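Colleague: Below is the structure I would like to discuss, written out as C-alpha cells.
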Amino acid sequence: MDPNDLIKAQLLDPRDMERMLQRMARQLVEMFELDEDRGETFGLVGMQTRGVYLARRLQAIIKRVDDIDVPLGVLDVTMYRDDFMLRAKQPVVKETRIDFDVDGRHLVLVDDVLYTGRTVRSGLDALMDLGRPASIHFLTVVDRGHRELPIKADFVGRTVPTLPGEEVRVRLQELDNEEGVWLVQPDGAGRAEVDGAKPEGDD
C-alpha cells in the first residue's frame with residue numbers, strides 16, 4: 001500500500017477474501033455443471049497481474065473441494081488496450097500463456113477490479129484472436145462502477161460505489177505481502193490520468 005494514500009475503508013480482510021473465493025468457486029462449478037467427466041469444457045484465464053493469482057486460487061479451491069482439474073491460462077492485454085499509443089511511458093508487456101484449446105470451451109476471465117470496462121474489452125479481443133470459445137464470462141473481486149463501455153461482470157465478490165478520485169486497492173499475499181481490499185484516496189488523485197497511465201487494478 002502506498003504510504004501516501006489516505007485509507008478511507010477496509011472493504012475485505014483475509015478471511016473475507018477466502019470466503020468470497022470459495023463462494024465464487026462454488027458458483028463456477030454449479031454454472032458449468034462440472035464433474036470429473038466435464039471439467040475440460042471450462043477454463044480460467046487470469047488477467048495480468050492480480051487476476052492471475054486469483055485464478056490460481058479458484059483453480060486450487062475447485063481441485064481441493066471437487067477434485068476437478070480446471071485448466072488455467074495467463075493473459076496480458078497490454079497490446080490490445082485502446083490507450084496503448086497514448087501512454088507517456090513505454091508499457092511493460094507481461095506473459096500470455098494459454099496451453100489449452102479455447103475453441104468450443106467456456107472461459108472465465110478473472111481480474112481484481114472492474115472499473116471502466118476497457119481492460120475487459122481488451123481481454124475479450126485478445127481471447128477472440130486465439131480462437132472461438134463457446135462463451136466468455138467475467139469474474140471480479142470488486143465492481144467499483146463508473147463504466148465507460150457496456151460491460152458487466154457475471155461473478156462479483158463485492159459491489160462498491162466509488163466517488164471520482166477514489167480508488168480500490170486489492171492486495172494479495174503472494175504478490176504484495178498483505179491481504180485485503182481497501183478504498184483509498186490516492187496522493188495526487190487524478191495525476192495518473194494526466195500522465196497517461198491508470199493505476200494497476202483499475203481498468
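Going by the C-alpha cells order, chains are called A, B, ..., each with residues numbered from 1, while ligands are numbered from 1 in the order shown.
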Find the residues near Pro3 of chain A: any atom within 10 Å, counting only C-alpha atoms, skip ones fewer than 3 places away on the same chain, and give them as a short mmCIF file (atom, residue, chain, number, x, y, z; two decimals) with C-alpha atoms, in the first residue's frame.

Modeller:
data_model
loop_
_atom_site.label_atom_id
_atom_site.label_comp_id
_atom_site.auth_asym_id
_atom_site.auth_seq_id
_atom_site.Cartn_x
_atom_site.Cartn_y
_atom_site.Cartn_z
CA LEU A 6 -5.47 8.01 2.51
CA ILE A 7 -7.24 4.80 3.56
CA PRO A 186 -4.57 8.45 -3.59
CA ASP A 187 -1.98 11.13 -3.06
#

Colleague: Can you pull out the residues contacting segment 69-71 of chain A? Cut-off 9 Å, using only C-alpha atoms, and skip same-chain residues under 6 positions away; I want them as a PyMOL selection string.

Modeller: chain A and resi 36+39-45+59-60+62-63+98-100

Colleague: Excluding Leu54 of chain A and residues on its chain fewer than 3 positions from it, collect all residues at most 9 Å away from it, counting only C-alpha atoms, and give them as a list in words.

Modeller: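 The contact residues come out as Leu21, Gly46, Arg50, Gly51, Arg57, Leu58, Gln59, Val110, Asp111, Asp112, Val141 and Leu172 of chain A.
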
Colleague: With N, CA and C atoms retained, export the selected residues as a PDB file, in the first residue's frame.

Modeller:
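After the write, out-v4.pdb holds the following:
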ATOM      1  N   LEU A  21     -13.818 -16.159  -2.317  1.00  0.00           N
ATOM      2  CA  LEU A  21     -13.299 -17.017  -3.381  1.00  0.00           C
ATOM      3  C   LEU A  21     -13.910 -18.411  -3.321  1.00  0.00           C
ATOM      4  N   GLY A  46      -6.592 -15.923 -16.114  1.00  0.00           N
ATOM      5  CA  GLY A  46      -6.264 -14.826 -15.222  1.00  0.00           C
ATOM      6  C   GLY A  46      -5.608 -13.687 -15.978  1.00  0.00           C
ATOM      7  N   ARG A  50      -2.894  -9.291 -10.933  1.00  0.00           N
ATOM      8  CA  ARG A  50      -3.550  -9.936  -9.789  1.00  0.00           C
ATOM      9  C   ARG A  50      -4.615 -10.936 -10.200  1.00  0.00           C
ATOM     10  N   GLY A  51      -5.172 -10.773 -11.384  1.00  0.00           N
ATOM     11  CA  GLY A  51      -6.130 -11.743 -11.866  1.00  0.00           C
ATOM     12  C   GLY A  51      -5.537 -13.132 -12.010  1.00  0.00           C
ATOM     13  N   ARG A  57      -5.993 -19.339  -7.307  1.00  0.00           N
ATOM     14  CA  ARG A  57      -6.685 -19.708  -6.070  1.00  0.00           C
ATOM     15  C   ARG A  57      -8.004 -20.404  -6.367  1.00  0.00           C
ATOM     16  N   LEU A  58      -8.747 -19.882  -7.329  1.00  0.00           N
ATOM     17  CA  LEU A  58     -10.018 -20.516  -7.696  1.00  0.00           C
ATOM     18  C   LEU A  58      -9.780 -21.921  -8.220  1.00  0.00           C
ATOM     19  N   GLN A  59      -8.765 -22.085  -9.054  1.00  0.00           N
ATOM     20  CA  GLN A  59      -8.418 -23.405  -9.576  1.00  0.00           C
ATOM     21  C   GLN A  59      -8.104 -24.366  -8.438  1.00  0.00           C
ATOM     22  N   VAL A 110     -10.624 -13.550 -15.315  1.00  0.00           N
ATOM     23  CA  VAL A 110     -10.562 -13.216 -13.896  1.00  0.00           C
ATOM     24  C   VAL A 110      -9.684 -11.986 -13.708  1.00  0.00           C
ATOM     25  N   ASP A 111     -10.199 -10.981 -12.991  1.00  0.00           N
ATOM     26  CA  ASP A 111      -9.415  -9.795 -12.669  1.00  0.00           C
ATOM     27  C   ASP A 111      -9.827  -9.297 -11.291  1.00  0.00           C
ATOM     28  N   ASP A 112      -9.074  -8.340 -10.767  1.00  0.00           N
ATOM     29  CA  ASP A 112      -9.338  -7.898  -9.398  1.00  0.00           C
ATOM     30  C   ASP A 112     -10.385  -6.798  -9.302  1.00  0.00           C
ATOM     31  N   VAL A 141     -13.233  -9.346  -8.252  1.00  0.00           N
ATOM     32  CA  VAL A 141     -13.369  -9.213  -6.805  1.00  0.00           C
ATOM     33  C   VAL A 141     -14.247  -8.022  -6.454  1.00  0.00           C
ATOM     34  N   LEU A 172      -2.814  -8.966  -2.515  1.00  0.00           N
ATOM     35  CA  LEU A 172      -2.765 -10.413  -2.344  1.00  0.00           C
ATOM     36  C   LEU A 172      -1.440 -10.814  -1.725  1.00  0.00           C
TER      37      LEU A 172
END

Colleague: Pick out the residues sitting within 9 Å of Met17 of chain A, and hand them over as a PDB file with N, CA and C atoms, in the first residue's frame; count only C-alpha atoms, and ignore anything fewer than 3 positions along from it in its own chain.

Modeller:
ATOM      1  N   LEU A  12     -12.474  -5.618   2.546  1.00  0.00           N
ATOM      2  CA  LEU A  12     -12.376  -7.060   2.773  1.00  0.00           C
ATOM      3  C   LEU A  12     -11.086  -7.346   3.517  1.00  0.00           C
ATOM      4  N   ASP A  13     -11.155  -8.243   4.508  1.00  0.00           N
ATOM      5  CA  ASP A  13      -9.948  -8.694   5.189  1.00  0.00           C
ATOM      6  C   ASP A  13      -9.597 -10.092   4.666  1.00  0.00           C
ATOM      7  N   PRO A  14      -8.498 -10.696   5.117  1.00  0.00           N
ATOM      8  CA  PRO A  14      -8.107 -12.005   4.574  1.00  0.00           C
ATOM      9  C   PRO A  14      -9.185 -13.076   4.697  1.00  0.00           C
ATOM     10  N   MET A  20     -15.073 -15.336   0.096  1.00  0.00           N
ATOM     11  CA  MET A  20     -15.547 -14.860  -1.195  1.00  0.00           C
ATOM     12  C   MET A  20     -15.086 -15.773  -2.329  1.00  0.00           C
ATOM     13  N   LEU A  21     -13.818 -16.159  -2.317  1.00  0.00           N
ATOM     14  CA  LEU A  21     -13.299 -17.017  -3.381  1.00  0.00           C
ATOM     15  C   LEU A  21     -13.910 -18.411  -3.321  1.00  0.00           C
ATOM     16  N   GLN A  22     -14.158 -18.913  -2.124  1.00  0.00           N
ATOM     17  CA  GLN A  22     -14.830 -20.210  -2.008  1.00  0.00           C
ATOM     18  C   GLN A  22     -16.242 -20.135  -2.591  1.00  0.00           C
ATOM     19  N   VAL A 141     -13.233  -9.346  -8.252  1.00  0.00           N
ATOM     20  CA  VAL A 141     -13.369  -9.213  -6.805  1.00  0.00           C
ATOM     21  C   VAL A 141     -14.247  -8.022  -6.454  1.00  0.00           C
ATOM     22  N   GLY A 157     -17.444 -10.324  -6.419  1.00  0.00           N
ATOM     23  CA  GLY A 157     -17.245 -10.525  -4.992  1.00  0.00           C
ATOM     24  C   GLY A 157     -17.967  -9.477  -4.179  1.00  0.00           C
ATOM     25  N   GLU A 179      -2.888  -8.829   2.566  1.00  0.00           N
ATOM     26  CA  GLU A 179      -4.097  -9.405   2.001  1.00  0.00           C
ATOM     27  C   GLU A 179      -5.303  -8.562   2.380  1.00  0.00           C
ATOM     28  N   GLY A 180      -6.095  -8.208   1.377  1.00  0.00           N
ATOM     29  CA  GLY A 180      -7.325  -7.476   1.649  1.00  0.00           C
ATOM     30  C   GLY A 180      -7.671  -6.526   0.517  1.00  0.00           C
ATOM     31  N   VAL A 181      -8.755  -5.803   0.729  1.00  0.00           N
ATOM     32  CA  VAL A 181      -9.216  -4.808  -0.240  1.00  0.00           C
ATOM     33  C   VAL A 181      -9.503  -3.520   0.525  1.00  0.00           C
TER      34      VAL A 181
END

Colleague: For Arg81 of chain A, which residue among A:Met1, A:Ala55, A:Leu175, A:Leu124 is the nearest when counting only C-alpha atoms?

Modeller: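 That would be A:Leu124, the residue with the smallest distance to Arg81 of chain A.
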